[in-house]
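K.L.:
The structure under discussion is supplied below as structure tokens; questions concerning it will follow.
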Amino acid sequence: MRRLALLLPLLLFVAIAFMLWRGFSLEDPHKLPSALIDRPLPAFSLPTLERPDVPVTKADLTGRPFLLNVWATWCPTCRAEHSELERIAAEHAVPIFGVNYKDDPAEAVRWLARYGDPYVLSVIDADGSFGIDLGVYGAPETFVVDAGGVIRYKRVGAVDRRVWEEEIAPVLRELGMEFDDLPAGAG
């Protein structure tokens with residue numbers, strides 16, 4: 001028993017060292033694995049910021065590829081990516097649906113009025129349950145969903161020009177969307 005007591009701290013240290021080594025060896029922390037890739041978007045029925053009295057479901061979003069962006073007013077990184085989302089929506093006519101995550105809806109409406117609204121609509125995920133179904137780690141996160149409602153890509157963290165050109169636009173191209181103004185070699 002005494003031998004086990006002496007060996008236990010060593011085993012604990014080795015286990016923690018292995019977990020740290022594994023965590024630090026991720027190539028890109030924004031490319032966290034998602035169990036939902038190539039799986040259907042989870043079913044939901046949520047109110048929107050625009051019309052809280054009318055719930056929106058998964059069926060209301062499908063029919064063509066789109067981006068699903070998880071955002072909140074309390075999220076500084078969401079503010080940093082916001083202008084890029086506006087540019088994508090305006091220049092590329094990509095439908096972007098928002099998931100206002102664990103936020104105050106009144107504050108979210110004011111925030112969109114102040115900074116602009118790149119979203120076709122934003123569902124209210126007040127308690128974070130839809131975020132849990134999506135496997136969200138926090139805001140912002142962006143998903144590419146195909147016309148049939150299947151998740152094809154997940155981005156943890158901000159979307160910027162490089163992420164758009166090198167990661168998201170190529171996935172949307174594979175889904176049949178065209179973008180004429182991307183630099184040569186992008187996608």
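Ordering of the structure tokens sets the chain letters (A, B, ...), residue numbers begin anew at 1 in every chain, and ligands are numbered from 1 in the order given.
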Run DSSP on the backbone and grab whatever in chain A lands in strand (DSSP E or B); send it over as a PyMOL selection string.
P.N.:
chain A and resi 40+45-46+48+56-57+66-71+96-101+121-125+141-145+150-156
K.L.:
So which residues of chain A fall under helix (DSSP H, G or I) by DSSP, listed as number ranges by chain?
P.N.:
A: 2-24, 58-61, 76-92, 105-115, 129-134, 161-174
K.L.:
I'd like the interatomic distance between atom CA of A:Trp74 and atom CA of A:Pro42, to a tenth of an Å.
P.N.:
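Straight-line distance from atom CA of A:Trp74 to atom CA of A:Pro42 works out to 24.8 Å.
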K.L.:
Please provide as a PyMOL selection string all residues within 9 Å of A:Ala80, with the sequence filter that same-chain residues fewer than 2 positions apart are discarded (counting only C-alpha atoms).
P.N.:
chain A and resi 76-78+82-84+158-160
K.L.:
Take the selection from the previous step and output its residues with C-alpha atoms, as a JSON list (two decimals), in the first residue's frame.
P.N.:
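So again.json came out as:
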```json
[["chain", "number", "residue", "atom", "x", "y", "z"],
["A", 76, "PRO", "CA", -15.05, 41.14, -27.86],
["A", 77, "THR", "CA", -13.92, 38.72, -30.59],
["A", 78, "CYS", "CA", -17.43, 38.84, -32.07],
["A", 82, "HIS", "CA", -18.30, 41.66, -37.29],
["A", 83, "SER", "CA", -17.08, 43.88, -40.14],
["A", 84, "GLU", "CA", -15.78, 40.83, -42.01],
["A", 158, "ALA", "CA", -12.98, 34.98, -35.39],
["A", 159, "VAL", "CA", -13.57, 34.94, -39.12],
["A", 160, "ASP", "CA", -11.21, 37.33, -40.85]]
```
K.L.:
Taking into account only C-alpha atoms, which residue in the set A:Asp117, A:Asp133, A:Glu81, A:Asp125 is nearest to A:Pro52?
P.N.:
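Of all the options, A:Asp125 lies closest to A:Pro52.
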K.L.:
Give the answer as one residue: which of A:Arg3, A:Gly176, A:Thr73, A:Ala139 has the shortest atom-to-atom distance to A:Ala113, using only C-alpha atoms?
P.N.:
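Nearest to A:Ala113: A:Thr73.
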K.L.:
From the list A:Ala17, A:Pro47, A:Tyr101, A:Met177, which residue is nearest A:Asp146 when using only C-alpha atoms?
P.N.:
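Closest candidate: A:Met177.
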K.L.:
Enter the distance from atom CA of A:Leu49 to atom CA of A:Ala106, in Å, rounded to one decimal.
P.N.:
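Atom CA of A:Ala106 lies at a distance of 8.2 Å from atom CA of A:Leu49.
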K.L.:
Within 10 Å of A:Phe44, counting only C-alpha atoms, which residues show up once you throw out same-chain ones fewer than 5 positions away? Write them as a compact mmCIF listing (two decimals) with all heavy atoms, in the first residue's frame, please.
P.N.:
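This went into part.txt:
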```
# COMPACT_ATOMS: atom_id res chain seq x y z
N PRO A 55 -41.33 31.67 -33.96
CA PRO A 55 -40.17 30.79 -33.87
C PRO A 55 -39.66 30.37 -35.26
O PRO A 55 -40.43 30.27 -36.21
CB PRO A 55 -40.68 29.58 -33.09
CG PRO A 55 -42.16 29.60 -33.25
CD PRO A 55 -42.55 31.02 -33.50
N VAL A 56 -38.37 30.15 -35.33
CA VAL A 56 -37.71 29.70 -36.55
C VAL A 56 -37.20 28.29 -36.28
O VAL A 56 -36.74 27.98 -35.18
CB VAL A 56 -36.55 30.65 -36.91
CG1 VAL A 56 -35.68 30.08 -38.00
CG2 VAL A 56 -37.09 32.00 -37.33
N THR A 57 -37.25 27.45 -37.30
CA THR A 57 -36.76 26.08 -37.19
C THR A 57 -35.66 25.84 -38.22
O THR A 57 -35.44 26.66 -39.11
CB THR A 57 -37.89 25.06 -37.43
OG1 THR A 57 -38.30 25.15 -38.79
CG2 THR A 57 -39.07 25.31 -36.50
N LYS A 58 -35.04 24.71 -38.11
CA LYS A 58 -34.00 24.29 -39.07
C LYS A 58 -34.52 24.34 -40.50
O LYS A 58 -33.82 24.79 -41.41
CB LYS A 58 -33.54 22.89 -38.69
CG LYS A 58 -32.60 22.25 -39.66
CD LYS A 58 -32.28 20.84 -39.19
CE LYS A 58 -31.74 20.00 -40.29
NZ LYS A 58 -31.41 18.65 -39.86
N ALA A 59 -35.74 23.92 -40.71
CA ALA A 59 -36.33 23.89 -42.06
C ALA A 59 -36.40 25.29 -42.68
O ALA A 59 -36.33 25.43 -43.90
CB ALA A 59 -37.72 23.27 -42.02
N VAL A 123 -31.35 33.90 -34.32
CA VAL A 123 -32.17 33.22 -33.32
C VAL A 123 -31.63 33.54 -31.94
O VAL A 123 -30.44 33.82 -31.78
CB VAL A 123 -32.24 31.69 -33.55
CG1 VAL A 123 -32.93 31.36 -34.87
CG2 VAL A 123 -30.88 31.04 -33.45
N SER A 129 -28.90 26.29 -24.85
CA SER A 129 -29.20 24.87 -25.15
C SER A 129 -28.92 24.52 -26.61
O SER A 129 -28.44 23.43 -26.91
CB SER A 129 -30.63 24.53 -24.77
OG SER A 129 -31.54 25.34 -25.48
N PHE A 130 -29.22 25.44 -27.54
CA PHE A 130 -28.90 25.17 -28.95
C PHE A 130 -27.39 25.13 -29.12
O PHE A 130 -26.85 24.30 -29.85
CB PHE A 130 -29.54 26.21 -29.86
CG PHE A 130 -29.35 25.96 -31.33
CD1 PHE A 130 -29.53 24.69 -31.87
CD2 PHE A 130 -29.00 26.98 -32.19
CE1 PHE A 130 -29.36 24.45 -33.23
CE2 PHE A 130 -28.83 26.76 -33.55
CZ PHE A 130 -29.01 25.49 -34.07
N ASP A 133 -26.23 21.80 -28.19
CA ASP A 133 -26.51 20.84 -29.26
C ASP A 133 -25.51 20.96 -30.41
O ASP A 133 -25.21 19.98 -31.08
CB ASP A 133 -27.93 21.03 -29.80
CG ASP A 133 -29.00 20.64 -28.79
OD1 ASP A 133 -28.68 19.95 -27.80
OD2 ASP A 133 -30.16 21.05 -28.99
```
K.L.:
What is the atom CA of A:Pro140 to atom CA of A:Trp21 distance in Å?
P.N.:
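According to the coordinates, atom CA of A:Pro140 and atom CA of A:Trp21 are separated by 25.9 Å.
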K.L.:
Find the spatial neighbours of A:Val99, counting only C-alpha atoms, within a cut-off of 8 Å - ignore same-chain residues fewer than 5 positions away - and output them as a PDB file with C-alpha atoms, in the first residue's frame.
P.N.:
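Contents of around_19.pdb, freshly written:
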```
ATOM      1  CA  LEU A  68     -24.330  29.892 -39.025  1.00  0.00           C
ATOM      2  CA  ASN A  69     -22.489  32.321 -36.752  1.00  0.00           C
ATOM      3  CA  VAL A  70     -22.647  32.085 -32.952  1.00  0.00           C
ATOM      4  CA  TRP A  71     -22.223  35.579 -31.476  1.00  0.00           C
ATOM      5  CA  SER A 122     -30.582  35.844 -35.532  1.00  0.00           C
ATOM      6  CA  VAL A 123     -32.172  33.218 -33.323  1.00  0.00           C
ATOM      7  CA  ILE A 124     -32.149  33.804 -29.577  1.00  0.00           C
ATOM      8  CA  ASP A 125     -30.327  31.062 -27.662  1.00  0.00           C
TER       9      ASP A 125
END
```
K.L.:
Quick one: everything within 6 Å of A:Tyr119, counting only C-alpha atoms, minus sequence neighbours fewer than 2 positions away in the same chain. Send it as a ChimeraX atom specification.
P.N.:
/A:96-98,117,121
K.L.:
Using only C-alpha atoms, which residues sit within 8 Å of A:Arg39 once same-chain residues fewer than 2 positions away are excluded, as a list in words?
P.N.:
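So the residues in contact are Ala35, Leu36, Ile37, Leu41, Val150, Ile151 and Arg152 of chain A.
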K.L.:
Next, write the just-selected residues to a file, as a PDB file, in the first residue's frame, keeping N, CA, C and O atoms as the atom set.
P.N.:
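After the write, again17.pdb holds the following:
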```pdb
ATOM      1  N   ALA A  35     -17.877  16.661 -33.571  1.00  0.00           N
ATOM      2  CA  ALA A  35     -18.602  15.428 -33.870  1.00  0.00           C
ATOM      3  C   ALA A  35     -19.730  15.677 -34.862  1.00  0.00           C
ATOM      4  O   ALA A  35     -20.303  14.728 -35.390  1.00  0.00           O
ATOM      5  N   LEU A  36     -20.052  16.941 -35.119  1.00  0.00           N
ATOM      6  CA  LEU A  36     -21.183  17.260 -36.000  1.00  0.00           C
ATOM      7  C   LEU A  36     -20.805  17.428 -37.470  1.00  0.00           C
ATOM      8  O   LEU A  36     -21.689  17.577 -38.307  1.00  0.00           O
ATOM      9  N   ILE A  37     -19.513  17.411 -37.797  1.00  0.00           N
ATOM     10  CA  ILE A  37     -19.127  17.543 -39.196  1.00  0.00           C
ATOM     11  C   ILE A  37     -19.729  16.371 -39.970  1.00  0.00           C
ATOM     12  O   ILE A  37     -19.626  15.222 -39.557  1.00  0.00           O
ATOM     13  N   LEU A  41     -27.623  19.490 -39.035  1.00  0.00           N
ATOM     14  CA  LEU A  41     -27.773  20.552 -38.053  1.00  0.00           C
ATOM     15  C   LEU A  41     -28.821  20.091 -37.047  1.00  0.00           C
ATOM     16  O   LEU A  41     -29.862  19.556 -37.444  1.00  0.00           O
ATOM     17  N   VAL A 150     -26.806  19.957 -43.592  1.00  0.00           N
ATOM     18  CA  VAL A 150     -25.718  19.158 -43.027  1.00  0.00           C
ATOM     19  C   VAL A 150     -24.515  20.072 -42.761  1.00  0.00           C
ATOM     20  O   VAL A 150     -24.119  20.857 -43.628  1.00  0.00           O
ATOM     21  N   ILE A 151     -23.945  19.969 -41.576  1.00  0.00           N
ATOM     22  CA  ILE A 151     -22.785  20.785 -41.203  1.00  0.00           C
ATOM     23  C   ILE A 151     -21.560  20.250 -41.928  1.00  0.00           C
ATOM     24  O   ILE A 151     -21.237  19.072 -41.840  1.00  0.00           O
ATOM     25  N   ARG A 152     -20.865  21.127 -42.649  1.00  0.00           N
ATOM     26  CA  ARG A 152     -19.689  20.725 -43.430  1.00  0.00           C
ATOM     27  C   ARG A 152     -18.374  21.281 -42.901  1.00  0.00           C
ATOM     28  O   ARG A 152     -17.301  20.822 -43.283  1.00  0.00           O
TER      29      ARG A 152
END
```
K.L.:
From the list A:Phe13, A:Tyr137, A:Trp111, A:Phe66, which residue is nearest A:Leu172 when using only C-alpha atoms?
P.N.:
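When distances to A:Leu172 are compared using only C-alpha atoms, the smallest one comes from A:Phe66.
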K.L.:
Which residue out of A:Val144, A:Val109, A:Ala89, A:Ile16 has the minimum interatomic distance to A:Pro170 when only C-alpha atoms are used?
P.N.:
A:Val144
